[in-house]
>>> print(open('entry_26.txt').read())   # compact mmCIF, C-alpha atoms
# COMPACT_ATOMS: atom_id res chain seq x y z
CA MET A 252 -32.18 14.16 37.92
CA THR A 253 -33.60 10.63 37.65
CA TYR A 254 -30.87 9.55 35.22
CA ILE A 255 -28.18 10.81 37.60
CA PHE A 256 -29.71 8.66 40.34
CA TYR A 257 -29.78 5.62 38.04
CA ILE A 258 -26.12 6.04 37.00
CA THR A 259 -25.06 6.51 40.62
CA ILE A 260 -26.93 3.40 41.79
CA VAL A 261 -25.30 1.32 39.04
CA LEU A 262 -21.79 2.57 39.90
CA LEU A 263 -22.33 1.96 43.64
CA SER A 264 -23.58 -1.55 42.91
CA LEU A 265 -20.50 -2.33 40.80
CA GLY A 266 -18.19 -1.12 43.57
CA MET A 267 -20.14 -3.18 46.08
CA ILE A 268 -19.82 -6.29 43.87
CA PHE A 269 -16.04 -5.86 43.61
CA SER A 270 -15.80 -5.43 47.39
CA ILE A 271 -17.86 -8.59 47.96
CA ILE A 272 -15.55 -10.53 45.61
CA ARG A 273 -12.53 -9.34 47.60
CA PHE A 274 -14.37 -10.18 50.83
CA ILE A 275 -14.91 -13.76 49.65
CA LYS A 276 -11.50 -14.51 48.07
CA GLY A 277 -9.27 -12.24 50.16
CA PRO A 278 -6.21 -14.24 51.22
CA THR A 279 -5.67 -12.65 54.63
CA ALA A 280 -7.94 -11.42 57.39
CA GLY A 281 -6.84 -7.83 56.77
CA ASP A 282 -8.16 -7.94 53.21
CA ARG A 283 -11.54 -9.09 54.41
CA THR A 284 -11.67 -6.40 57.09
CA LEU A 285 -10.71 -3.77 54.54
CA ALA A 286 -13.45 -5.00 52.20
CA LEU A 287 -15.90 -4.73 55.11
CA ASP A 288 -14.78 -1.14 55.76
CA THR A 289 -15.22 -0.23 52.10
CA MET A 290 -18.64 -1.85 52.00
CA THR A 291 -19.66 0.17 55.07
CA THR A 292 -18.68 3.45 53.42
CA LEU A 293 -20.41 2.47 50.18
CA MET A 294 -23.55 1.56 52.12
CA VAL A 295 -23.53 4.90 53.98
CA ALA A 296 -23.34 6.75 50.66
CA GLY A 297 -26.07 4.54 49.20
CA LEU A 298 -28.39 5.17 52.15
CA VAL A 299 -27.91 8.94 51.87
CA LEU A 300 -28.66 8.72 48.15
CA LEU A 301 -31.79 6.65 48.81
CA SER A 302 -32.95 9.24 51.36
CA ALA A 303 -32.80 11.82 48.57
CA VAL A 304 -34.55 9.50 46.09
CA PHE A 305 -37.44 8.50 48.36
CA ASN A 306 -37.49 11.88 50.19
CA ARG A 307 -37.29 10.23 53.61
CA PHE A 308 -35.23 12.09 56.17
CA ILE A 309 -34.99 9.12 58.56
CA TYR A 310 -32.58 7.25 56.25
CA VAL A 311 -29.89 9.83 57.01
CA ASP A 312 -30.02 8.90 60.69
CA VAL A 313 -29.87 5.22 59.75
CA ALA A 314 -26.78 5.94 57.61
CA LEU A 315 -25.07 7.80 60.47
CA ILE A 316 -25.66 4.97 62.96
CA TYR A 317 -24.57 2.38 60.38
CA GLY A 318 -21.33 4.27 59.83
CA VAL A 319 -20.63 4.51 63.57
CA LEU A 320 -21.22 0.77 64.12
CA GLY A 321 -19.08 -0.22 61.11
CA PHE A 322 -16.26 2.04 62.28
CA ILE A 323 -16.30 0.51 65.78
CA GLY A 324 -16.33 -3.00 64.32
CA VAL A 325 -13.35 -2.34 62.05
CA ILE A 326 -11.37 -0.80 64.94
CA VAL A 327 -12.09 -3.79 67.18
CA ILE A 328 -11.15 -6.32 64.47
CA ALA A 329 -7.93 -4.43 63.70
CA ARG A 330 -6.93 -4.37 67.38
CA TYR A 331 -7.66 -8.09 67.61
CA LEU A 332 -5.53 -8.84 64.56
CA GLU A 333 -2.72 -6.78 66.03
CA GLY A 334 -2.80 -8.95 69.14
CA ALA A 335 -3.49 -6.14 71.59
CA LEU A 336 -6.97 -7.25 72.58
CA MET B 255 -33.59 22.23 36.46
CA SER B 256 -32.52 24.71 39.04
CA ILE B 257 -28.94 25.65 39.80
CA TYR B 258 -29.00 23.50 42.96
CA GLU B 259 -29.82 20.40 40.95
CA ILE B 260 -27.08 21.06 38.38
CA ILE B 261 -24.32 21.60 40.98
CA GLY B 262 -25.55 18.75 43.16
CA GLY B 263 -25.81 16.38 40.19
CA ILE B 264 -22.22 17.09 39.17
CA LEU B 265 -21.05 16.46 42.76
CA ILE B 266 -23.07 13.23 42.96
CA LEU B 267 -21.58 11.94 39.68
CA ILE B 268 -18.03 12.74 40.83
CA GLY B 269 -18.67 10.91 44.09
CA ALA B 270 -20.17 7.89 42.33
CA VAL B 271 -17.16 7.60 39.99
CA PHE B 272 -14.72 7.77 42.89
CA LEU B 273 -16.68 5.19 44.90
CA PHE B 274 -16.64 2.85 41.90
CA LEU B 275 -12.89 3.37 41.52
CA GLY B 276 -12.44 2.55 45.21
CA GLY B 277 -14.28 -0.74 44.80
CA LEU B 278 -12.30 -1.53 41.65
CA GLY B 279 -9.03 -0.80 43.45
CA ILE B 280 -10.07 -3.15 46.25
CA TYR B 281 -10.45 -5.91 43.67
CA ARG B 282 -7.51 -5.02 41.46
CA MET B 283 -4.54 -4.14 43.67
CA PRO B 284 -1.96 -6.85 44.47
CA ASP B 285 -1.21 -6.17 48.13
CA VAL B 286 -2.98 -5.34 51.36
CA TYR B 287 -1.22 -1.96 51.62
CA ASN B 288 -2.14 -1.01 48.07
CA ARG B 289 -5.69 -2.08 48.77
CA LEU B 290 -5.70 0.14 51.86
CA GLN B 291 -4.65 3.09 49.73
CA ALA B 292 -7.25 2.47 47.03
CA GLY B 293 -10.06 1.46 49.31
CA THR B 294 -9.75 4.26 51.82
CA LYS B 295 -8.63 7.43 50.04
CA ALA B 296 -10.84 7.12 46.96
CA THR B 297 -13.78 6.01 49.07
CA THR B 298 -13.38 8.95 51.46
CA LEU B 299 -13.43 11.52 48.66
CA GLY B 300 -16.27 9.74 46.88
CA ALA B 301 -18.52 9.50 49.94
CA MET B 302 -17.86 13.11 50.96
CA SER B 303 -18.59 14.42 47.46
CA LEU B 304 -21.75 12.33 47.06
CA ILE B 305 -23.17 13.31 50.45
CA LEU B 306 -22.41 16.99 49.82
CA GLY B 307 -24.10 16.69 46.43
CA VAL B 308 -27.24 15.23 48.00
CA GLY B 309 -27.23 18.07 50.55
CA VAL B 310 -26.93 20.68 47.78
CA VAL B 311 -29.75 19.07 45.78
CA LYS B 312 -32.07 19.06 48.80
CA MET B 313 -30.99 22.53 49.94
CA GLU B 314 -33.76 24.31 48.02
CA ASP B 315 -36.38 22.39 50.02
CA SER B 316 -35.04 23.06 53.49
CA TRP B 317 -31.81 23.92 55.27
CA THR B 318 -31.94 20.97 57.67
CA TRP B 319 -30.55 18.57 55.06
CA ILE B 320 -27.22 20.33 54.59
CA VAL B 321 -26.62 20.44 58.36
CA LYS B 322 -27.13 16.70 58.77
CA MET B 323 -24.98 16.04 55.68
CA ALA B 324 -22.22 18.18 57.22
CA ILE B 325 -22.38 16.02 60.36
CA ILE B 326 -21.97 12.84 58.28
CA ILE B 327 -19.14 14.40 56.24
CA ILE B 328 -17.24 15.37 59.39
CA PHE B 329 -17.75 11.88 60.82
CA ILE B 330 -16.43 10.23 57.62
CA ALA B 331 -13.44 12.59 57.54
CA PHE B 332 -12.57 11.46 61.07
CA SER B 333 -13.42 7.77 60.99
CA ASN B 334 -12.06 6.60 57.63
CA PRO B 335 -8.36 7.53 58.14
CA ILE B 336 -8.47 6.16 61.70
CA SER B 337 -9.72 2.74 60.57
CA SER B 338 -7.21 2.70 57.71
CA HIS B 339 -4.38 3.50 60.10
CA ALA B 340 -5.47 0.80 62.54
CA LEU B 341 -5.62 -1.80 59.77
CA ALA B 342 -2.21 -0.85 58.35
CA ARG B 343 -0.70 -0.98 61.85
CA ALA B 344 -2.22 -4.41 62.48
CA MET B 345 -0.91 -5.74 59.17
CA TYR B 346 2.55 -4.32 59.92
CA HIS B 347 2.64 -6.01 63.31
CA ARG B 348 1.57 -9.28 61.71
CA LYS B 349 4.63 -9.03 59.38
CA ARG B 350 2.78 -8.77 56.09
CA TYR B 351 5.38 -7.84 53.52
CA PRO B 352 4.57 -5.35 50.80
CA TYR B 353 4.44 -6.48 47.21
CA ILE B 354 7.79 -6.01 45.49
CA LYS B 355 8.10 -6.90 41.83
CA GLY B 356 11.23 -8.65 40.64
CA ASP B 357 14.37 -9.19 42.68
CA ALA B 358 14.36 -10.25 46.31
CA LYS B 359 17.13 -7.88 47.39
CA ASP B 360 14.73 -5.12 48.33
CA MET B 361 12.63 -7.67 50.19
CA ASP B 362 15.64 -8.60 52.34
CA ALA B 363 16.22 -4.93 53.06
CA TYR B 364 12.62 -4.61 54.17
CA ARG B 365 12.96 -7.68 56.39
CA GLU B 366 15.92 -6.11 58.15
CA VAL B 367 13.81 -3.06 58.86
CA ALA B 368 10.62 -4.89 59.81
CA GLY B 369 12.19 -7.32 62.23
CA LYS B 370 12.48 -11.05 62.31
CA ASP B 371 11.06 -13.31 59.65
CA ASP B 372 8.28 -15.60 60.82
CA PRO B 373 7.12 -17.80 57.92
CA SER B 374 4.39 -19.47 59.98
CA ASP B 375 2.45 -16.22 60.24
CA THR B 376 2.43 -15.48 56.53
CA SER B 377 0.22 -17.04 53.91
CA PRO B 378 0.91 -17.20 50.18
CA ASP B 379 -0.72 -14.34 48.36
CA GLU B 380 -0.80 -14.30 44.56
CA GLY B 381 2.56 -15.65 43.51
CA GLU B 382 5.77 -14.37 45.00
CA ASN B 383 4.09 -12.07 47.46
CA ILE B 384 4.09 -13.56 50.96
>>> encode(input="entry_26.txt", output="structure tokens")
Amino acid sequence: MTYIFYITIVLLSLGMIFSIIRFIKGPTAGDRTLALDTMTTLMVAGLVLLSAVFNRFIYVDVALIYGVLGFIGVIVIARYLEGAL
Amino acid sequence: MSIYEIIGGILILIGAVFLFLGGLGIYRMPDVYNRLQAGTKATTLGAMSLILGVGVVKMEDSWTWIVKMAIIIIFIAFSNPISSHALARAMYHRKRYPYIKGDAKDMDAYREVAGKDDPSDTSPDEGENI
């Protein structure tokens, strides 16, 4: 089970690195917002995995609140880019 | 290893591979619409599979884990397509043209559909894509 956790952490870190590269060099604001959305989902999955690794149940609540706040932020930024806010 | 750990480990590995492919698609795809496809669909399946796998692994300890994981899965299944739709709608209203390889005839056809051409709102994006 420990090796599965190691492989998963490495794959999540690689996906996070690619998202950060797109967040830095993304040509438009939509690309950066999309990279932020992807990083939020990756971070939610990583927090749930860490709650299983460290056997702490409180990390699941942290992941849920993190997902809610990231979702609201992406919606607000998208409405602002559309010009409706 | 119990049967919970085997099934949960397989689900966790599937989710990790799909999350990695989502991040790679974010980096690799040429256009904001293609990036929306790669970064939202693959990430949704990956996160749902990984969280369900963690719930199955922890299910032999107590049943409270799988309930909380189901709450997070339902929230992701609602929130990820909504944010993707809002972003695609915003990019469409800002007149971002999709990436078309080759001739510009199809691009003109898309401009007739999308409305008027405003070059001041567009920025150059990797070659011929504007």
>>> atom_distance(input="entry_26.txt", atom1="CA of Val299 (chain A)", atom2="CA of Ile268 (chain B)")
15.3 Å
>>> residues_around(input="entry_26.txt", residues="region 260-264 of chain A", least_positions_apart="4", cutoff="7 Å", atoms="only C-alpha atoms", output="ChimeraX atom specification")
/A:256,268,293 /B:270-271,273-274
>>> closest_residue(input="entry_26.txt", among="B:Phe272, B:Trp319, B:Tyr258, B:Phe329", to="Lys295 (chain B)", atoms="all atoms listed in the file")
B:Phe272
>>> closest_atom_pairs(input="entry_26.txt", of="chain B", to="chain A", cutoff="6 Å", atoms="all atoms listed in the file", output="Markdown table")
| residue | atom | partner | partner_atom | distance |
| --- | --- | --- | --- | --- |
| B:Ala270 | CA | A:Thr259 | CA | 5.4 |
| B:Phe274 | CA | A:Gly266 | CA | 4.6 |
| B:Gly277 | CA | A:Gly266 | CA | 4.1 |
| B:Tyr281 | CA | A:Phe269 | CA | 5.6 |
| B:Ala301 | CA | A:Ala296 | CA | 5.6 |
| B:Ser337 | CA | A:Ile326 | CA | 5.9 |
| B:Ala340 | CA | A:Ala329 | CA | 5.9 |
| B:Leu341 | CA | A:Ala329 | CA | 5.3 |
| B:Ala344 | CA | A:Glu333 | CA | 4.3 |
>>> write_last_selection(input="entry_26.txt", atoms="C-alpha atoms", output="PDB file, keeping the file's coordinate frame")
ATOM      1  CA  ALA B 270     -20.170   7.890  42.330  1.00  0.00           C
ATOM      2  CA  PHE B 274     -16.640   2.850  41.900  1.00  0.00           C
ATOM      3  CA  GLY B 277     -14.280  -0.740  44.800  1.00  0.00           C
ATOM      4  CA  TYR B 281     -10.450  -5.910  43.670  1.00  0.00           C
ATOM      5  CA  ALA B 301     -18.520   9.500  49.940  1.00  0.00           C
ATOM      6  CA  SER B 337      -9.720   2.740  60.570  1.00  0.00           C
ATOM      7  CA  ALA B 340      -5.470   0.800  62.540  1.00  0.00           C
ATOM      8  CA  LEU B 341      -5.620  -1.800  59.770  1.00  0.00           C
ATOM      9  CA  ALA B 344      -2.220  -4.410  62.480  1.00  0.00           C
TER      10      ALA B 344
END
>>> atom_distance(input="entry_26.txt", atom1="CA of Met302 (chain B)", atom2="CA of Ile327 (chain B)")
5.6 Å
>>> residues_around(input="entry_26.txt", residues="Met255 (chain B)", least_positions_apart="6", cutoff="12 Å", atoms="all atoms listed in the file", output="PyMOL selection string")
(chain A and resi 252-253) or (chain B and resi 261-263+311+314)
>>> write_last_selection(input="entry_26.txt", atoms="C-alpha atoms", output="PDB file, in the frame of the given file")
ATOM      1  CA  MET A 252     -32.180  14.160  37.920  1.00  0.00           C
ATOM      2  CA  THR A 253     -33.600  10.630  37.650  1.00  0.00           C
TER       3      THR A 253
ATOM      4  CA  ILE B 261     -24.320  21.600  40.980  1.00  0.00           C
ATOM      5  CA  GLY B 262     -25.550  18.750  43.160  1.00  0.00           C
ATOM      6  CA  GLY B 263     -25.810  16.380  40.190  1.00  0.00           C
ATOM      7  CA  VAL B 311     -29.750  19.070  45.780  1.00  0.00           C
ATOM      8  CA  GLU B 314     -33.760  24.310  48.020  1.00  0.00           C
TER       9      GLU B 314
END
>>> closest_residue(input="entry_26.txt", among="B:Leu304, B:Ala324, B:Leu290, B:Ile266", to="Ile336 (chain B)", atoms="all atoms listed in the file")
B:Leu290
>>> atom_distance(input="entry_26.txt", atom1="CA of Leu275 (chain B)", atom2="CA of Met345 (chain B)")
23.2 Å
>>> axis_aligned_box(input="entry_26.txt", around="region 280-290 of chain B", padding_each_side="3 Å", output="JSON")
{"center_x": -5.8, "center_y": -3.4, "center_z": 46.7, "size_x": 15.2, "size_y": 13.0, "size_z": 16.4}
>>> residues_near_point(input="entry_26.txt", point="(-14.4, 15.0, 43.0)", cutoff="8 Å", atoms="all atoms listed in the file", output="tab-separated table (two decimals) with C-alpha atoms, keeping the file's coordinate frame")
chain	number	residue	atom	x	y	z
B	265	LEU	CA	-21.05	16.46	42.76
B	268	ILE	CA	-18.03	12.74	40.83
B	269	GLY	CA	-18.67	10.91	44.09
B	272	PHE	CA	-14.72	7.77	42.89
B	299	LEU	CA	-13.43	11.52	48.66
B	300	GLY	CA	-16.27	9.74	46.88
B	303	SER	CA	-18.59	14.42	47.46
